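Dumped entry.cif below, it's mmCIF, C-alpha atoms:
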data_coords
#
loop_
_atom_site.label_atom_id
_atom_site.label_comp_id
_atom_site.auth_asym_id
_atom_site.auth_seq_id
_atom_site.Cartn_x
_atom_site.Cartn_y
_atom_site.Cartn_z
CA MET L 15 18.87 -34.25 10.88
CA ALA L 16 18.87 -33.50 7.16
CA LYS L 17 19.22 -36.70 5.19
CA PHE L 18 21.97 -36.53 2.59
CA ARG L 19 24.78 -38.80 1.54
CA LYS L 20 28.39 -37.92 0.71
CA VAL L 21 30.01 -39.22 -2.48
CA GLN L 22 33.57 -38.00 -2.98
CA THR L 23 34.63 -36.85 -6.45
CA THR L 24 37.60 -39.21 -6.05
CA PHE L 25 35.08 -42.03 -6.47
CA TRP L 26 35.65 -41.77 -10.23
CA GLN L 27 39.44 -41.93 -9.84
CA ASP L 28 39.54 -44.94 -7.54
CA SER L 29 41.59 -47.72 -9.15
CA ARG L 30 38.98 -50.39 -8.35
CA VAL L 31 36.19 -48.29 -9.86
CA LEU L 32 38.25 -47.64 -12.99
CA GLU L 33 39.60 -51.14 -13.55
CA GLU L 34 37.08 -53.57 -12.03
CA LEU L 35 33.61 -52.01 -12.17
CA THR L 36 31.56 -52.10 -15.34
CA PRO L 37 29.25 -49.14 -16.15
CA GLU L 38 26.41 -51.20 -14.71
CA ASP L 39 28.43 -51.83 -11.54
CA LYS L 40 29.11 -48.11 -11.09
CA TYR L 41 25.42 -47.30 -11.49
CA PHE L 42 24.44 -49.96 -8.96
CA TYR L 43 27.15 -48.90 -6.48
CA LEU L 44 26.04 -45.24 -6.57
CA TYR L 45 22.48 -46.43 -5.94
CA LEU L 46 23.60 -48.44 -2.91
CA LEU L 47 25.41 -45.38 -1.54
CA THR L 48 22.62 -42.85 -2.03
CA ASN L 49 19.19 -44.52 -2.12
CA PRO L 50 16.50 -43.34 0.38
CA ASN L 51 16.95 -46.39 2.63
CA THR L 52 20.58 -45.58 3.45
CA THR L 53 21.52 -44.73 7.03
CA GLN L 54 24.26 -42.86 8.87
CA ILE L 55 26.00 -46.14 9.81
CA GLY L 56 26.08 -47.80 6.36
CA VAL L 57 23.75 -50.69 7.25
CA TYR L 58 20.14 -50.57 6.17
CA GLN L 59 17.17 -52.74 5.26
CA ILE L 60 16.13 -53.04 1.63
CA THR L 61 14.52 -55.82 -0.38
CA LYS L 62 15.57 -57.06 -3.79
CA LYS L 63 12.10 -56.17 -5.05
CA GLN L 64 12.56 -52.56 -3.91
CA MET L 65 15.97 -52.33 -5.60
CA ALA L 66 14.54 -53.80 -8.80
CA PHE L 67 11.67 -51.30 -8.76
CA ASP L 68 13.94 -48.29 -8.15
CA LEU L 69 16.45 -49.27 -10.84
CA GLY L 70 14.05 -50.73 -13.39
CA TYR L 71 15.76 -54.15 -13.22
CA SER L 72 14.43 -57.65 -12.75
CA THR L 73 14.93 -59.31 -9.35
CA GLU L 74 17.16 -61.86 -11.10
CA SER L 75 19.46 -59.06 -12.29
CA ILE L 76 19.55 -57.61 -8.78
CA SER L 77 20.49 -61.03 -7.36
CA SER L 78 23.30 -61.28 -9.91
CA LEU L 79 24.58 -57.79 -9.05
CA LEU L 80 24.47 -58.48 -5.32
CA ASP L 81 26.36 -61.74 -5.80
CA ARG L 82 29.02 -59.94 -7.83
CA PHE L 83 29.40 -57.14 -5.27
CA ILE L 84 29.64 -59.65 -2.41
CA ASN L 85 31.86 -62.36 -3.89
CA VAL L 86 33.82 -60.66 -6.67
CA HIS L 87 34.21 -57.00 -5.72
CA ARG L 88 33.74 -57.64 -1.96
CA LEU L 89 32.23 -54.19 -1.47
CA ILE L 90 29.10 -55.20 0.43
CA LYS L 91 27.48 -57.84 2.61
CA TYR L 92 23.81 -58.83 2.45
CA ASN L 93 21.70 -60.86 4.87
CA GLU L 94 18.95 -62.66 2.96
CA LYS L 95 16.92 -63.30 6.12
CA THR L 96 16.94 -59.79 7.66
CA ARG L 97 17.09 -58.04 4.25
CA GLU L 98 19.95 -55.88 5.56
CA ILE L 99 22.81 -54.61 3.42
CA ALA L 100 26.16 -53.26 4.62
CA ILE L 101 28.51 -51.03 2.62
CA ASN L 102 31.93 -52.28 3.73
CA ASN L 103 33.92 -49.08 3.28
CA TRP L 104 31.09 -46.71 4.28
CA GLY L 105 33.00 -45.31 7.27
CA LYS L 106 35.90 -44.04 5.17
CA HIS L 107 33.97 -40.94 4.05
CA ASN L 108 30.79 -40.92 6.16
CA LEU L 109 31.94 -41.66 9.73
CA THR L 110 34.68 -39.08 10.22
CA ASN L 111 32.98 -36.62 12.58
CA ALA L 112 31.74 -37.36 16.10
CA GLY L 113 29.57 -34.37 17.07
CA LYS L 114 26.65 -35.00 19.43
CA PRO L 115 23.89 -35.02 16.75
CA VAL L 116 25.90 -37.54 14.70
CA ILE L 117 26.68 -39.72 17.74
CA ASP L 118 23.02 -39.72 18.83
CA CYS L 119 21.94 -40.76 15.34
CA ILE L 120 24.58 -43.51 15.19
CA LYS L 121 23.56 -44.89 18.62
CA LYS L 122 19.91 -45.06 17.57
CA GLU L 123 20.65 -46.76 14.25
CA LEU L 124 23.08 -49.26 15.78
CA GLN L 125 20.34 -50.45 18.14
CA GLU L 126 18.09 -51.15 15.13
CA VAL L 127 20.58 -53.43 13.34
CA LYS L 128 19.35 -57.04 13.41
CA ASP L 129 22.53 -58.75 12.16
CA VAL L 130 25.38 -57.05 14.04
CA ASN L 131 27.93 -59.19 12.17
CA LEU L 132 27.36 -56.87 9.22
CA LEU L 133 29.11 -54.14 11.22
CA VAL L 134 32.43 -55.99 11.52
CA GLU L 135 33.81 -55.14 8.08
CA ILE L 136 32.72 -51.50 8.39
CA ILE L 137 34.67 -50.98 11.64
CA SER L 138 38.06 -51.39 9.94
CA HIS L 139 37.26 -48.43 7.65
CA ILE L 140 36.10 -45.98 10.36
CA PRO L 141 38.74 -43.27 10.98
CA ASN L 142 37.01 -41.82 14.05
CA GLU L 143 37.97 -43.79 17.18
CA ASP L 144 34.85 -42.88 19.20
CA ILE L 145 32.51 -44.03 16.45
CA ALA L 146 34.54 -47.20 15.88
CA THR L 147 34.20 -47.97 19.61
CA LEU L 148 30.39 -47.67 19.41
CA PHE L 149 30.36 -50.13 16.53
CA SER L 150 32.64 -52.56 18.39
CA ARG L 151 30.50 -52.47 21.52
CA THR L 152 27.41 -53.22 19.46
CA VAL L 153 29.10 -56.16 17.75
CA HIS L 154 30.33 -57.65 21.04
CA GLY L 155 27.06 -57.04 22.91
CA THR L 156 28.55 -54.56 25.40
CA TYR L 157 26.77 -51.44 24.14
CA ASN L 158 24.16 -51.63 26.91
CA ASP L 159 25.97 -51.28 30.24
CA ALA L 160 22.90 -52.63 32.04
CA SER L 161 23.28 -55.99 30.35
CA THR L 162 22.27 -58.89 32.61
CA LEU L 163 24.35 -61.50 30.90
CA GLY L 164 26.77 -63.17 33.29
CA GLY L 165 30.30 -64.20 32.45
CA GLU L 166 29.35 -67.78 31.67
CA GLU L 167 26.50 -66.75 29.39
CA GLU L 168 28.77 -64.33 27.55
CA GLU L 169 31.31 -67.10 27.00
CA LYS L 170 28.59 -69.37 25.63
CA GLU L 171 27.46 -66.64 23.26
CA GLU L 172 31.03 -66.15 22.08
CA GLU L 173 31.41 -69.89 21.51
CA LYS L 174 28.22 -69.93 19.47
CA GLU L 175 29.45 -67.03 17.38
CA GLU L 176 32.77 -68.79 16.79
CA GLU L 177 30.92 -71.93 15.69
CA LYS L 178 28.81 -69.88 13.30
CA GLU L 179 31.91 -68.27 11.83
CA GLU L 180 33.54 -71.68 11.34
CA GLU L 181 30.38 -72.94 9.63
CA LYS L 182 30.36 -69.89 7.36
CA GLU L 183 34.00 -70.41 6.43
CA GLU L 184 33.36 -74.07 5.64
CA GLU L 185 30.34 -73.15 3.53
CA ILE L 186 32.39 -70.59 1.62
CA LYS L 187 35.05 -73.22 0.88
CA THR L 188 32.43 -75.68 -0.35
CA HIS L 189 30.32 -73.24 -2.37
CA ALA L 190 32.96 -70.71 -3.36
CA SER L 191 32.17 -68.18 -6.03
CA PRO L 192 33.26 -69.24 -9.54
CA PRO L 193 36.78 -68.06 -10.50
CA PHE L 194 35.50 -65.75 -13.24
CA ARG L 195 38.86 -64.03 -13.75
CA GLU L 196 40.87 -67.27 -14.06
CA ILE L 197 38.42 -68.79 -16.55
CA ILE L 198 38.24 -65.75 -18.83
CA GLU L 199 41.96 -65.04 -18.64
CA TYR L 200 42.59 -68.66 -19.66
CA LEU L 201 40.20 -68.25 -22.62
CA ASN L 202 41.88 -64.98 -23.65
CA GLU L 203 45.32 -66.55 -23.47
CA LYS L 204 44.39 -69.62 -25.52
CA SER L 205 42.28 -67.86 -28.16
CA ASP L 206 44.14 -64.55 -28.31
CA SER L 207 41.01 -62.68 -27.23
CA CYS L 208 40.30 -59.90 -24.75
CA TYR L 209 36.98 -60.76 -23.10
CA ARG L 210 36.16 -59.17 -19.72
CA TYR L 211 35.43 -61.38 -16.74
CA THR L 212 33.14 -58.72 -15.20
CA THR L 213 30.52 -58.86 -17.97
CA THR L 214 27.11 -59.78 -16.50
CA LYS L 215 26.13 -62.28 -19.22
CA THR L 216 29.51 -64.04 -19.03
CA GLN L 217 29.27 -64.39 -15.26
CA GLU L 218 25.71 -65.70 -15.47
CA LEU L 219 26.77 -68.44 -17.92
CA ILE L 220 29.75 -69.46 -15.80
CA ARG L 221 27.67 -69.40 -12.62
CA LYS L 222 25.03 -71.71 -14.16
CA ARG L 223 27.67 -74.27 -15.12
CA TRP L 224 29.30 -73.88 -11.69
CA LYS L 225 26.01 -74.63 -9.94
CA GLU L 226 25.75 -77.78 -12.07
CA GLY L 227 28.99 -78.98 -10.48
CA PHE L 228 31.56 -78.09 -13.14
CA ARG L 229 34.86 -76.64 -11.88
CA LEU L 230 37.85 -74.69 -13.15
CA GLU L 231 39.57 -77.66 -14.78
CA ASP L 232 36.34 -78.45 -16.70
CA PHE L 233 36.19 -74.93 -18.13
CA GLN L 234 39.86 -75.11 -19.08
CA LYS L 235 39.35 -78.50 -20.76
CA VAL L 236 36.42 -77.23 -22.84
CA ILE L 237 38.48 -74.20 -23.87
CA ASP L 238 41.41 -76.42 -24.86
CA ILE L 239 39.18 -78.77 -26.87
CA LYS L 240 37.38 -76.07 -28.81
CA VAL L 241 40.45 -73.89 -29.34
CA ASN L 242 42.23 -76.91 -30.81
CA GLU L 243 39.23 -77.60 -33.04
CA TRP L 244 38.10 -74.11 -34.10
CA LEU L 245 41.04 -71.72 -33.93
CA LYS L 246 42.56 -72.98 -37.19
CA HIS L 247 39.30 -72.34 -39.10
CA LYS L 248 38.47 -68.70 -39.81
CA GLU L 249 34.69 -69.20 -39.78
CA MET L 250 34.73 -71.26 -36.61
CA SER L 251 37.21 -69.17 -34.62
CA ARG L 252 34.60 -66.47 -34.05
CA TYR L 253 32.68 -68.94 -31.88
CA LEU L 254 35.51 -69.06 -29.33
CA ARG L 255 33.53 -66.85 -27.01
CA PRO L 256 31.83 -67.27 -23.61
CA GLU L 257 28.28 -67.37 -25.04
CA THR L 258 29.13 -70.42 -27.15
CA LEU L 259 31.63 -72.26 -24.96
CA PHE L 260 29.80 -71.95 -21.63
CA GLY L 261 26.22 -72.35 -22.86
CA THR L 262 23.94 -75.39 -22.84
CA LYS L 263 26.35 -77.43 -24.99
CA PHE L 264 29.07 -77.19 -22.32
CA GLU L 265 28.78 -80.79 -21.09
CA GLY L 266 28.79 -82.08 -24.64
CA TYR L 267 31.97 -80.16 -25.41
CA LEU L 268 33.54 -81.45 -22.21
CA ASN L 269 32.86 -85.07 -23.15
CA GLN L 270 33.93 -84.68 -26.76
CA LYS L 271 36.45 -87.32 -27.80
CA VAL L 272 39.82 -86.21 -29.07
CA GLY L 273 39.20 -87.67 -32.52
CA ASP L 274 35.81 -85.99 -32.90
CA GLN L 275 37.34 -82.63 -33.80
CA ASP L 276 38.29 -83.87 -37.25
CA LYS L 277 34.87 -85.38 -38.02
CA LYS L 278 32.97 -82.06 -38.12
CA PRO L 279 33.43 -80.12 -41.36
CA PRO L 280 34.73 -76.56 -40.83
CA GLY L 281 31.46 -75.06 -42.08
CA ASP L 282 29.14 -77.16 -39.92
CA TYR L 283 28.38 -74.69 -37.13
CA ASP L 284 24.58 -74.53 -37.36
CA LYS L 285 24.10 -76.54 -34.17
CA LEU L 286 26.53 -74.76 -31.88
CA PHE L 287 23.86 -73.40 -29.55
#
Here is the file; what I need is its structure written in the form of structure tokens.
Amino acid sequence: MAKFRKVQTTFWQDSRVLEELTPEDKYFYLYLLTNPNTTQIGVYQITKKQMAFDLGYSTESISSLLDRFINVHRLIKYNEKTREIAINNWGKHNLTNAGKPVIDCIKKELQEVKDVNLLVEIISHIPNEDIATLFSRTVHGTYNDASTLGGEEEEKEEEKEEEKEEEKEEEIKTHASPPFREIIEYLNEKSDSCYRYTTTKTQELIRKRWKEGFRLEDFQKVIDIKVNEWLKHKEMSRYLRPETLFGTKFEGYLNQKVGDQDKKPPGDYDKLF
């Protein structure tokens, strides 16, 4: 079967693409949809090193992009252990026909998927009922009719899967992605700015502070402190930006005493970074 991938022209008119994706995001998303590793089912193996090589990025940049696409845009899933990636809405445009050559290809590729949980999100976007059924059977372990698992063993497997899902949900609650939008919208509101929460550098700064244990209320407190101190001074107000507020001085700003704002002369901004 000829290997080609379908990208609808409506991609450029999609509201999420227009409003949420940066130019870098669009470039990365098109790569995920059309690179040579892609498959008919929307799940394929690819390493961060391979993505970095193809795109000319560092592996750190690729990790940042993957994190944004998983936790912010929620367009993909990625298994670090199996190196498999899943395009969540792949079926919307690529799994519409169910001719024999397509079905045979789908069956073969489904058997090669190591983490079948990656298929779950894709199923909800598949318009073709026959193809959706193949995906569902693979996920629930009923694709092979000659399966030797008995009823009790199947129940145990289901219980294990449920436990894994509960553990994943708990982990997500504990290590949730930083609320980029809330933080930047709060900064824009307080400083009368219009920064974008999707900017890569801004998200990297916020994520670093988040990993250090700082939370939403800490970001808001730092914004309040520095807005109160700098906004009234023309020279200082230009430093009310993510690069300054959320950099290495963040903890110092957070612990700044209320009276300290008046001790620094308006022109003393040589040690902001």
Determine the residue set returned by the PyMOL selection byres ((chain L and resi 91) around 9) for the present structure, and present it as an mmCIF file with C-alpha atoms, in the frame of the given file.
data_model
loop_
_atom_site.group_PDB
_atom_site.id
_atom_site.type_symbol
_atom_site.label_atom_id
_atom_site.label_comp_id
_atom_site.auth_asym_id
_atom_site.auth_seq_id
_atom_site.Cartn_x
_atom_site.Cartn_y
_atom_site.Cartn_z
ATOM 1 C CA LEU L 80 24.470 -58.480 -5.320
ATOM 2 C CA PHE L 83 29.400 -57.140 -5.270
ATOM 3 C CA ILE L 84 29.640 -59.650 -2.410
ATOM 4 C CA ARG L 88 33.740 -57.640 -1.960
ATOM 5 C CA LEU L 89 32.230 -54.190 -1.470
ATOM 6 C CA ILE L 90 29.100 -55.200 0.430
ATOM 7 C CA TYR L 92 23.810 -58.830 2.450
ATOM 8 C CA ASN L 93 21.700 -60.860 4.870
ATOM 9 C CA GLU L 98 19.950 -55.880 5.560
ATOM 10 C CA ILE L 99 22.810 -54.610 3.420
ATOM 11 C CA ALA L 100 26.160 -53.260 4.620
ATOM 12 C CA ILE L 101 28.510 -51.030 2.620
ATOM 13 C CA ASN L 102 31.930 -52.280 3.730
ATOM 14 C CA LEU L 132 27.360 -56.870 9.220
ATOM 15 C CA GLU L 135 33.810 -55.140 8.080
#
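Taking all atoms listed in the file into account, L:Gly227 lies nearest to L:Glu265 out of the set L:Leu32, L:Glu265, L:Thr212, L:Glu243.
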- Query: Looking at all atoms listed in the file, which of L:Gln54, L:Lys62, L:Asp232, L:Asn103 is the one that sits closest to L:Lys122?
  - Reply: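 Result for the nearest residue to L:Lys122: L:Gln54.
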Here atom CA of L:Val116 and atom CA of L:Thr48 stand apart by 17.9 Å
Once the PyMOL selection byres ((chain L and resi 200-206) around 8) is applied to the coordinates I shared, what remains selected? I want it as a VMD selection string. chain L and resid 196 to 199 207 to 209 234 237 to 238 241 245 254
Can you list, as a short mmCIF file (atom, residue, chain, number, x, y, z; two decimals) with C-alpha atoms, keeping the file's coordinate frame, the residues that the PyMOL selection byres ((chain L and resi 142-158) around 8) selects here?
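Written file, out.cif:
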data_model
loop_
_atom_site.label_atom_id
_atom_site.label_comp_id
_atom_site.auth_asym_id
_atom_site.auth_seq_id
_atom_site.Cartn_x
_atom_site.Cartn_y
_atom_site.Cartn_z
CA LEU L 109 31.94 -41.66 9.73
CA THR L 110 34.68 -39.08 10.22
CA ASN L 111 32.98 -36.62 12.58
CA ALA L 112 31.74 -37.36 16.10
CA ILE L 117 26.68 -39.72 17.74
CA LYS L 121 23.56 -44.89 18.62
CA LEU L 124 23.08 -49.26 15.78
CA GLN L 125 20.34 -50.45 18.14
CA VAL L 130 25.38 -57.05 14.04
CA ASN L 131 27.93 -59.19 12.17
CA LEU L 133 29.11 -54.14 11.22
CA VAL L 134 32.43 -55.99 11.52
CA ILE L 137 34.67 -50.98 11.64
CA ILE L 140 36.10 -45.98 10.36
CA PRO L 141 38.74 -43.27 10.98
CA ASP L 159 25.97 -51.28 30.24
CA ALA L 160 22.90 -52.63 32.04
CA SER L 161 23.28 -55.99 30.35
#
For atom CA of L:Thr258 and atom CA of L:Phe42, determine how far apart the two atoms are, in Å to one decimal place.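 Computed distance, atom CA of L:Thr258 to atom CA of L:Phe42, equals 27.8 Å.
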